[in-house]
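Source file: input.txt. Holds: compact mmCIF, C-alpha atoms.
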```
# COMPACT_ATOMS: atom_id res chain seq x y z
CA MET L 7 -12.57 -0.91 24.30
CA GLY L 8 -11.00 -4.16 25.52
CA ALA L 9 -10.25 -5.72 22.15
CA SER L 10 -8.93 -2.43 20.78
CA ILE L 11 -6.56 -1.91 23.74
CA LEU L 12 -5.27 -5.47 23.39
CA ARG L 13 -4.65 -4.87 19.68
CA LEU L 14 -2.81 -1.59 20.37
CA HIS L 15 -0.44 -3.47 22.67
CA PHE L 16 0.21 -6.19 20.07
CA HIS L 17 0.73 -3.75 17.19
CA GLY L 18 2.94 -1.52 19.32
CA CYS L 19 5.21 -4.33 20.46
CA PHE L 20 5.65 -5.75 16.95
CA ALA L 21 6.86 -2.45 15.44
CA GLN L 22 9.96 -1.60 17.48
CA GLY L 23 9.31 -3.25 20.81
CA CYS L 24 6.96 -2.49 23.71
CA ASP L 25 7.95 1.16 24.04
CA GLY L 26 4.68 3.04 23.58
CA SER L 27 5.72 4.14 20.09
CA LEU L 28 2.28 3.51 18.55
CA LEU L 29 0.76 6.08 20.91
CA LEU L 30 2.76 8.97 19.40
CA ASP L 31 0.92 11.33 17.05
CA GLY L 32 2.50 12.36 13.76
CA SER L 33 2.01 11.87 10.04
CA SER L 34 5.10 9.67 9.72
CA GLY L 35 4.38 7.55 12.79
CA GLU L 36 2.89 4.11 13.37
CA LYS L 37 -0.67 5.44 13.65
CA THR L 38 -0.55 6.07 9.88
CA ALA L 39 0.85 2.63 8.98
CA GLY L 40 -1.39 0.29 6.98
CA PRO L 41 -2.23 -2.07 9.87
CA ASN L 42 -3.27 0.88 12.09
CA SER L 43 -4.75 3.56 9.85
CA HIS L 44 -8.56 3.74 10.17
CA SER L 45 -8.58 0.81 12.60
CA ALA L 46 -6.35 1.42 15.64
CA ARG L 47 -8.41 2.90 18.47
CA GLY L 48 -8.38 3.25 22.24
CA PHE L 49 -5.95 6.18 22.35
CA LYS L 50 -8.34 8.34 24.39
CA THR L 51 -8.68 5.55 26.95
CA ILE L 52 -4.89 5.48 27.38
CA ASP L 53 -4.88 9.30 27.63
CA ALA L 54 -7.46 9.15 30.42
CA ILE L 55 -5.42 6.59 32.38
CA LYS L 56 -2.24 8.62 31.87
CA SER L 57 -3.82 11.87 33.08
CA GLN L 58 -4.98 10.23 36.30
CA LEU L 59 -1.56 8.67 36.90
CA GLU L 60 0.23 11.96 36.22
CA ALA L 61 -2.03 13.64 38.77
CA ALA L 62 -1.25 10.97 41.36
CA CYS L 63 2.49 10.45 40.73
CA SER L 64 3.93 12.56 37.93
CA GLY L 65 6.73 11.14 35.79
CA VAL L 66 6.64 7.63 37.28
CA VAL L 67 4.51 5.33 35.09
CA SER L 68 5.37 5.11 31.39
CA CYS L 69 2.85 4.98 28.57
CA ALA L 70 4.41 1.66 27.55
CA ASP L 71 3.65 0.16 30.96
CA ILE L 72 0.15 1.66 30.96
CA LEU L 73 -0.66 -0.01 27.63
CA THR L 74 0.79 -3.36 28.75
CA VAL L 75 -1.23 -3.38 31.99
CA ALA L 76 -4.37 -2.10 30.26
CA ALA L 77 -4.15 -4.95 27.73
CA ARG L 78 -4.00 -7.48 30.59
CA ASP L 79 -6.87 -5.82 32.44
CA SER L 80 -8.97 -5.75 29.26
CA VAL L 81 -8.63 -9.52 28.96
CA VAL L 82 -9.54 -10.00 32.63
CA GLN L 83 -12.58 -7.70 32.39
CA LEU L 84 -13.92 -9.72 29.44
CA GLY L 85 -13.60 -13.06 31.26
CA GLY L 86 -10.09 -14.16 30.35
CA PRO L 87 -7.05 -15.16 32.42
CA THR L 88 -4.84 -12.88 34.46
CA TRP L 89 -1.05 -12.77 34.74
CA THR L 90 1.64 -10.72 36.43
CA VAL L 91 2.95 -7.94 34.19
CA PRO L 92 6.67 -7.16 34.61
CA LEU L 93 7.03 -3.37 34.87
CA GLY L 94 9.71 -0.76 34.21
CA ARG L 95 9.39 -0.15 30.45
CA ARG L 96 10.26 3.37 29.31
CA ASP L 97 8.82 5.30 26.39
CA SER L 98 10.37 5.83 23.00
CA THR L 99 10.79 9.32 21.57
CA THR L 100 10.20 8.06 18.02
CA SER L 101 7.58 6.05 16.15
CA ASN L 102 8.45 3.66 13.30
CA LYS L 103 5.92 3.49 10.46
CA ILE L 104 8.23 1.37 8.28
CA ALA L 105 8.66 -1.25 11.00
CA ALA L 106 4.92 -1.34 11.65
CA ASN L 107 4.21 -1.99 7.97
CA ALA L 108 6.90 -4.66 7.78
CA ASN L 109 6.44 -6.51 11.08
CA ILE L 110 2.71 -6.61 11.87
CA PRO L 111 1.03 -9.68 10.33
CA SER L 112 -1.49 -9.06 7.57
CA PRO L 113 -5.01 -10.57 7.70
CA THR L 114 -4.17 -12.21 4.36
CA SER L 115 -1.03 -13.90 5.74
CA THR L 116 -0.23 -17.55 5.11
CA LEU L 117 0.81 -19.83 7.96
CA SER L 118 4.41 -19.54 6.76
CA ASN L 119 4.22 -15.71 6.82
CA LEU L 120 2.72 -15.73 10.30
CA SER L 121 5.34 -18.12 11.67
CA SER L 122 8.20 -16.02 10.28
CA LEU L 123 6.88 -12.76 11.70
CA PHE L 124 6.32 -14.23 15.17
CA GLN L 125 9.71 -16.01 15.16
CA ALA L 126 11.38 -12.71 14.29
CA GLN L 127 10.01 -11.37 17.60
CA GLY L 128 11.29 -14.35 19.57
CA LEU L 129 7.85 -15.95 19.80
CA SER L 130 7.29 -19.65 19.18
CA THR L 131 4.62 -21.35 17.08
CA LYS L 132 2.76 -22.17 20.29
CA ASP L 133 2.94 -18.50 21.34
CA MET L 134 1.58 -17.50 17.92
CA VAL L 135 -1.41 -19.86 18.06
CA ALA L 136 -2.18 -18.87 21.66
CA LEU L 137 -1.90 -15.13 20.98
CA SER L 138 -4.15 -15.49 17.93
CA GLY L 139 -6.86 -16.50 20.41
CA ALA L 140 -7.15 -12.77 21.17
CA HIS L 141 -9.47 -12.84 18.14
CA THR L 142 -12.12 -14.34 20.40
CA ILE L 143 -13.00 -10.65 20.94
CA GLY L 144 -13.04 -7.67 18.62
CA GLN L 145 -14.19 -6.91 15.09
CA ALA L 146 -12.79 -6.56 11.58
CA ARG L 147 -13.69 -4.21 8.74
CA CYS L 148 -15.39 -5.40 5.57
CA THR L 149 -12.44 -4.26 3.45
CA VAL L 150 -10.23 -6.78 5.31
CA ILE L 151 -12.57 -9.78 4.91
CA ARG L 152 -14.16 -9.19 1.50
CA ASN L 153 -11.77 -11.39 -0.48
CA ARG L 154 -12.10 -14.20 2.07
CA ILE L 155 -15.88 -14.31 2.21
CA TYR L 156 -16.28 -14.23 -1.58
CA ASN L 157 -13.23 -16.12 -2.83
CA ASP L 158 -11.68 -18.41 -0.19
CA ALA L 159 -12.39 -22.14 -0.40
CA ASP L 160 -11.55 -22.94 3.25
CA ILE L 161 -14.64 -21.25 4.70
CA ASP L 162 -18.01 -22.65 5.72
CA SER L 163 -20.36 -21.64 2.91
CA ALA L 164 -23.28 -20.69 5.16
CA TYR L 165 -20.96 -18.62 7.35
CA ALA L 166 -19.55 -16.82 4.31
CA LYS L 167 -23.03 -16.10 3.00
CA SER L 168 -24.15 -14.73 6.37
CA LEU L 169 -21.31 -12.19 6.26
CA GLN L 170 -21.93 -11.01 2.72
CA SER L 171 -25.05 -8.94 3.48
CA ASN L 172 -22.94 -6.67 5.71
CA CYS L 173 -20.03 -6.63 3.27
CA PRO L 174 -21.16 -6.28 -0.37
CA SER L 175 -18.86 -7.36 -3.19
CA ASP L 176 -19.28 -3.98 -4.92
CA LYS L 177 -16.75 -2.22 -2.67
CA SER L 178 -19.42 -0.44 -0.61
CA GLY L 179 -19.53 -0.72 3.17
CA ASN L 180 -15.75 -0.91 3.53
CA ARG L 181 -15.88 0.09 7.20
CA ASN L 182 -18.80 -2.14 8.18
CA LEU L 183 -17.74 -4.35 11.08
CA SER L 184 -18.13 -8.08 11.68
CA PRO L 185 -17.13 -9.91 14.89
CA LEU L 186 -13.92 -11.92 14.67
CA GLU L 187 -15.78 -14.71 16.50
CA ASP L 188 -19.56 -14.49 16.51
CA VAL L 189 -20.59 -17.02 19.15
CA SER L 190 -19.57 -14.85 22.13
CA PRO L 191 -17.82 -11.83 20.59
CA THR L 192 -17.50 -9.83 23.81
CA VAL L 193 -16.36 -12.71 26.03
CA PHE L 194 -12.76 -13.85 26.22
CA ASP L 195 -13.04 -17.65 25.86
CA ASN L 196 -11.93 -20.48 23.56
CA ASN L 197 -14.77 -20.21 21.04
CA TYR L 198 -12.34 -18.74 18.49
CA TYR L 199 -10.67 -22.15 18.21
CA LYS L 200 -13.96 -24.03 18.13
CA GLU L 201 -15.02 -21.85 15.19
CA LEU L 202 -11.73 -22.47 13.36
CA THR L 203 -12.38 -26.23 13.48
CA LYS L 204 -15.68 -25.51 11.69
CA LYS L 205 -13.98 -23.36 9.01
CA LYS L 206 -15.47 -20.21 10.50
CA GLY L 207 -12.35 -18.11 10.92
CA LEU L 208 -13.20 -14.53 9.89
CA LEU L 209 -9.75 -13.62 8.61
CA HIS L 210 -7.80 -15.65 6.07
CA SER L 211 -4.89 -15.58 8.53
CA ASP L 212 -7.14 -17.02 11.26
CA GLN L 213 -8.17 -20.04 9.18
CA GLU L 214 -4.54 -20.66 8.21
CA LEU L 215 -4.07 -21.93 11.77
CA PHE L 216 -6.48 -24.79 11.04
CA ASN L 217 -6.13 -25.72 7.40
CA GLY L 218 -4.29 -29.02 7.24
CA GLY L 219 -1.00 -27.60 8.52
CA SER L 220 1.34 -27.95 11.48
CA THR L 221 -0.81 -25.92 13.89
CA ASP L 222 -4.05 -27.92 13.49
CA SER L 223 -3.35 -30.06 16.55
CA LEU L 224 -2.78 -27.05 18.82
CA VAL L 225 -6.02 -25.43 17.62
CA THR L 226 -7.83 -28.68 18.42
CA THR L 227 -6.26 -28.76 21.89
CA TYR L 228 -7.34 -25.20 22.66
CA SER L 229 -10.84 -25.82 21.27
CA ASN L 230 -11.25 -28.69 23.73
CA ASP L 231 -9.42 -27.24 26.75
CA GLU L 232 -9.96 -23.60 27.68
CA ASN L 233 -7.71 -23.86 30.73
CA THR L 234 -4.73 -24.86 28.60
CA PHE L 235 -5.47 -21.98 26.20
CA PHE L 236 -5.68 -19.51 29.08
CA LYS L 237 -2.38 -20.75 30.57
CA ASP L 238 -0.53 -20.58 27.24
CA PHE L 239 -2.08 -17.22 26.33
CA ALA L 240 -0.99 -15.67 29.63
CA ALA L 241 2.58 -16.99 29.23
CA ALA L 242 2.75 -15.74 25.64
CA MET L 243 1.45 -12.30 26.63
CA VAL L 244 4.29 -11.94 29.16
CA LYS L 245 6.79 -12.90 26.44
CA MET L 246 5.25 -10.46 23.96
CA GLY L 247 5.21 -7.69 26.56
CA ASN L 248 8.96 -8.19 27.02
CA ILE L 249 9.90 -7.52 23.37
CA SER L 250 12.78 -5.01 23.25
CA PRO L 251 11.76 -2.75 26.15
CA LEU L 252 13.58 0.50 26.84
CA THR L 253 15.01 0.42 30.39
CA GLY L 254 17.54 2.22 32.56
CA SER L 255 18.40 5.59 31.00
CA ASN L 256 17.05 4.67 27.55
CA GLY L 257 13.88 6.44 26.46
CA GLU L 258 11.85 8.57 28.84
CA ILE L 259 8.65 8.70 30.88
CA ARG L 260 6.32 10.70 28.65
CA LYS L 261 4.09 13.29 30.31
CA ASN L 262 1.64 13.00 27.41
CA CYS L 263 1.40 9.66 25.62
CA ARG L 264 0.85 11.38 22.26
CA LYS L 265 4.13 13.29 22.16
CA ALA L 266 7.72 13.05 23.35
CA ASN L 267 8.75 15.31 26.21
```

Please express the file's structure as structure tokens.
Amino acid sequence: MGASILRLHFHGCFAQGCDGSLLLDGSSGEKTAGPNSHSARGFKTIDAIKSQLEAACSGVVSCADILTVAARDSVVQLGGPTWTVPLGRRDSTTSNKIAANANIPSPTSTLSNLSSLFQAQGLSTKDMVALSGAHTIGQARCTVIRNRIYNDADIDSAYAKSLQSNCPSDKSGNRNLSPLEDVSPTVFDNNYYKELTKKKGLLHSDQELFNGGSTDSLVTTYSNDENTFFKDFAAAMVKMGNISPLTGSNGEIRKNCRKAN
């Protein structure tokens, strides 16, 4: 579940801040937003953590903090860096589908789109390129990559062809999965960047980071130096985890991550 937990944290923070809002059930909530519907997963894992914490110390640890720590621990378990997670976030009582649809980057994004969306969250271009390295783990659905593997020019032709058998052009197999990085898809390392330099980014938005633009040099740096990637990724994760938290008397400590108290 590591990649899915990490993605939940990212998608949650980009909607209305790191306040556990994505964890709330409801037909008008973030779970039903385009970037999350049929793809966001890991909710039962968060529920299991929450139930154990409630049994040990009821009303103390927020769902927002649980998700932030679980994202860090997922990276560590899969071989990535560790970092200290600042704690004390509280949980929202609302979920914002409109913000999720507007703020979470699309897999068809251009470099300009990506930069704008990350800047709007107070994250730099370096943060954006480092955080994108999370795509060294995880998978994407055929429906998200079909246009890229049949129509994009900036993709290695053999790589594109290898993906097409699992993702037919005839609109079948929409939910078939392909690894975001297929050299070591369950290990958190810098192979994502190495693949980008070979035009083997799975998502259009991935390859935008290495396509003759301003971020090419940073991708090259990370492809050659995993330690620098790990250091920058850890720093960027702390920054992302600090987006608009609820503190003090704002929000609440949910008893059940799926619903407000």

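Taking CA of Met7 (chain L) and CA of Thr51 (chain L) as the two end points, the separation is 8.0 Å.
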
TODO: Could you give me, as number ranges by chain, the residues that have an atom at most 8 Å away from the point (10.3, 0.8, 26.0) in the coordinates of the file, using all atoms listed in the file?
DONE: L: 23-26, 70, 95-98, 250-253, 256-257

How would the residues just chosen look if you wrote them out with C-alpha atoms as a PDB file, in the frame of the given file?
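What landed in out_24.pdb:
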```pdb
ATOM      1  CA  GLY L  23       9.310  -3.250  20.810  1.00  0.00           C
ATOM      2  CA  CYS L  24       6.960  -2.490  23.710  1.00  0.00           C
ATOM      3  CA  ASP L  25       7.950   1.160  24.040  1.00  0.00           C
ATOM      4  CA  GLY L  26       4.680   3.040  23.580  1.00  0.00           C
ATOM      5  CA  ALA L  70       4.410   1.660  27.550  1.00  0.00           C
ATOM      6  CA  ARG L  95       9.390  -0.150  30.450  1.00  0.00           C
ATOM      7  CA  ARG L  96      10.260   3.370  29.310  1.00  0.00           C
ATOM      8  CA  ASP L  97       8.820   5.300  26.390  1.00  0.00           C
ATOM      9  CA  SER L  98      10.370   5.830  23.000  1.00  0.00           C
ATOM     10  CA  SER L 250      12.780  -5.010  23.250  1.00  0.00           C
ATOM     11  CA  PRO L 251      11.760  -2.750  26.150  1.00  0.00           C
ATOM     12  CA  LEU L 252      13.580   0.500  26.840  1.00  0.00           C
ATOM     13  CA  THR L 253      15.010   0.420  30.390  1.00  0.00           C
ATOM     14  CA  ASN L 256      17.050   4.670  27.550  1.00  0.00           C
ATOM     15  CA  GLY L 257      13.880   6.440  26.460  1.00  0.00           C
TER      16      GLY L 257
END
```

- [ ] Using only C-alpha atoms, collect all residues at a distance of at most 10 Å from (-4.8, 3.6, 16.3) as written in the file, then present them as a ChimeraX atom specification.
- [x] /L:10-11,13-14,17-18,28-31,36-39,41-49

Show which residues sit within 7 Å of region 164-175 of chain L, as a short mmCIF file (atom, residue, chain, number, x, y, z; two decimals) with C-alpha atoms, keeping the file's coordinate frame. Count only C-alpha atoms, and ignore same-chain residues fewer than 2 positions away.
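The new file selection.cif reads:
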```
data_model
loop_
_atom_site.label_atom_id
_atom_site.label_comp_id
_atom_site.auth_asym_id
_atom_site.auth_seq_id
_atom_site.Cartn_x
_atom_site.Cartn_y
_atom_site.Cartn_z
CA CYS L 148 -15.39 -5.40 5.57
CA ARG L 152 -14.16 -9.19 1.50
CA ILE L 155 -15.88 -14.31 2.21
CA ILE L 161 -14.64 -21.25 4.70
CA ASP L 162 -18.01 -22.65 5.72
CA LYS L 177 -16.75 -2.22 -2.67
CA SER L 178 -19.42 -0.44 -0.61
CA GLY L 179 -19.53 -0.72 3.17
CA ASN L 182 -18.80 -2.14 8.18
CA LYS L 206 -15.47 -20.21 10.50
#
```

- [ ] Do a neighbour search on Asp71 (chain L) at 7 Å with only C-alpha atoms, toss out local chain neighbours closer than 3 positions, and write the hits as a ChimeraX atom specification.
- [x] /L:67-68,74-75,93-95

Task: Counting all atoms listed in the file, the option among L:Leu129, L:Leu73, L:Cys263, L:Ala136 closest to Phe236 (chain L) - done: L:Ala136

- [ ] Would you work out the distance separating CA of Val193 (chain L) from CA of Val225 (chain L), expressed in Å to one decimal?
- [x] 18.4 Å

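Near Asn267 (chain L), within 8 Å and counting all atoms listed in the file, sit L:Thr99, L:Glu258, L:Arg260, L:Lys261, L:Asn262, not including residues fewer than 5 positions from it in the same chain.
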
Selected residues written out with C-alpha atoms, as a PDB file, keeping the file's coordinate frame:
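Here's the written file again_32.pdb:
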```pdb
ATOM      1  CA  THR L  99      10.790   9.320  21.570  1.00  0.00           C
ATOM      2  CA  GLU L 258      11.850   8.570  28.840  1.00  0.00           C
ATOM      3  CA  ARG L 260       6.320  10.700  28.650  1.00  0.00           C
ATOM      4  CA  LYS L 261       4.090  13.290  30.310  1.00  0.00           C
ATOM      5  CA  ASN L 262       1.640  13.000  27.410  1.00  0.00           C
TER       6      ASN L 262
END
```

Task: Best match for closeness to Arg147 (chain L) among L:Lys50, L:Arg181, L:Lys265, L:Lys200, counting only C-alpha atoms - done: L:Arg181

Open item on the list: Which residues are near Lys132 (chain L)? Cut-off 9 Å, all atoms listed in the file, ignore same chain within fewer than 4 positions. Put them as a ChimeraX atom specification.
Closed with: /L:136-137,221,224,238,242

Open item on the list: Need the shell around Glu187 (chain L): protein/DNA/RNA residues with any atom at most 8 Å away, counting only C-alpha atoms. Skip same-chain ones fewer than 2 positions apart. Format as a PyMOL selection string?
Closed with: chain L and resi 141-144+185+189-191+197-198+201+207-208

Write the residues of the preceding selection, restricted to C-alpha atoms, as a short mmCIF file (atom, residue, chain, number, x, y, z; two decimals), in the coordinates of the input.
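This is the output file again_8.cif:
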```cif
data_model
loop_
_atom_site.label_atom_id
_atom_site.label_comp_id
_atom_site.auth_asym_id
_atom_site.auth_seq_id
_atom_site.Cartn_x
_atom_site.Cartn_y
_atom_site.Cartn_z
CA HIS L 141 -9.47 -12.84 18.14
CA THR L 142 -12.12 -14.34 20.40
CA ILE L 143 -13.00 -10.65 20.94
CA GLY L 144 -13.04 -7.67 18.62
CA PRO L 185 -17.13 -9.91 14.89
CA VAL L 189 -20.59 -17.02 19.15
CA SER L 190 -19.57 -14.85 22.13
CA PRO L 191 -17.82 -11.83 20.59
CA ASN L 197 -14.77 -20.21 21.04
CA TYR L 198 -12.34 -18.74 18.49
CA GLU L 201 -15.02 -21.85 15.19
CA GLY L 207 -12.35 -18.11 10.92
CA LEU L 208 -13.20 -14.53 9.89
#
```

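Of the listed residues (L:Asp195, L:Glu214, L:Thr100, L:Asp188), L:Glu214 comes nearest to Asn119 (chain L); the distances count all atoms listed in the file.
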
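For the pair CA of Leu12 (chain L) and CA of Pro87 (chain L), the separation is 13.4 Å.
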
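Take the candidates L:Gly128, L:Gly219, L:Gly8, L:Gly65 and check each one against Gly85 (chain L) using all atoms listed in the file; the shortest distance goes to L:Gly8.
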
Task: Among listed residues L:Leu186, L:Phe20, L:Asn153, L:Ile52, nearest Ala106 (chain L) (using all atoms listed in the file) - done: L:Phe20

Adding 6 Å on each side of the box along x, y and z that holds all listed atoms of region 222-225 of chain L, could you give its centre and edge lengths in Å to one decimal, as lines of an AutoDock Vina configuration file?
```
center_x = -4.4
center_y = -27.7
center_z = 16.2
size_x = 15.2
size_y = 16.6
size_z = 17.3
```

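Residue nearest Met243 (chain L), chosen from L:Ser138, L:Thr149, L:Ser34, L:Asn107 and counting all atoms listed in the file: L:Ser138.
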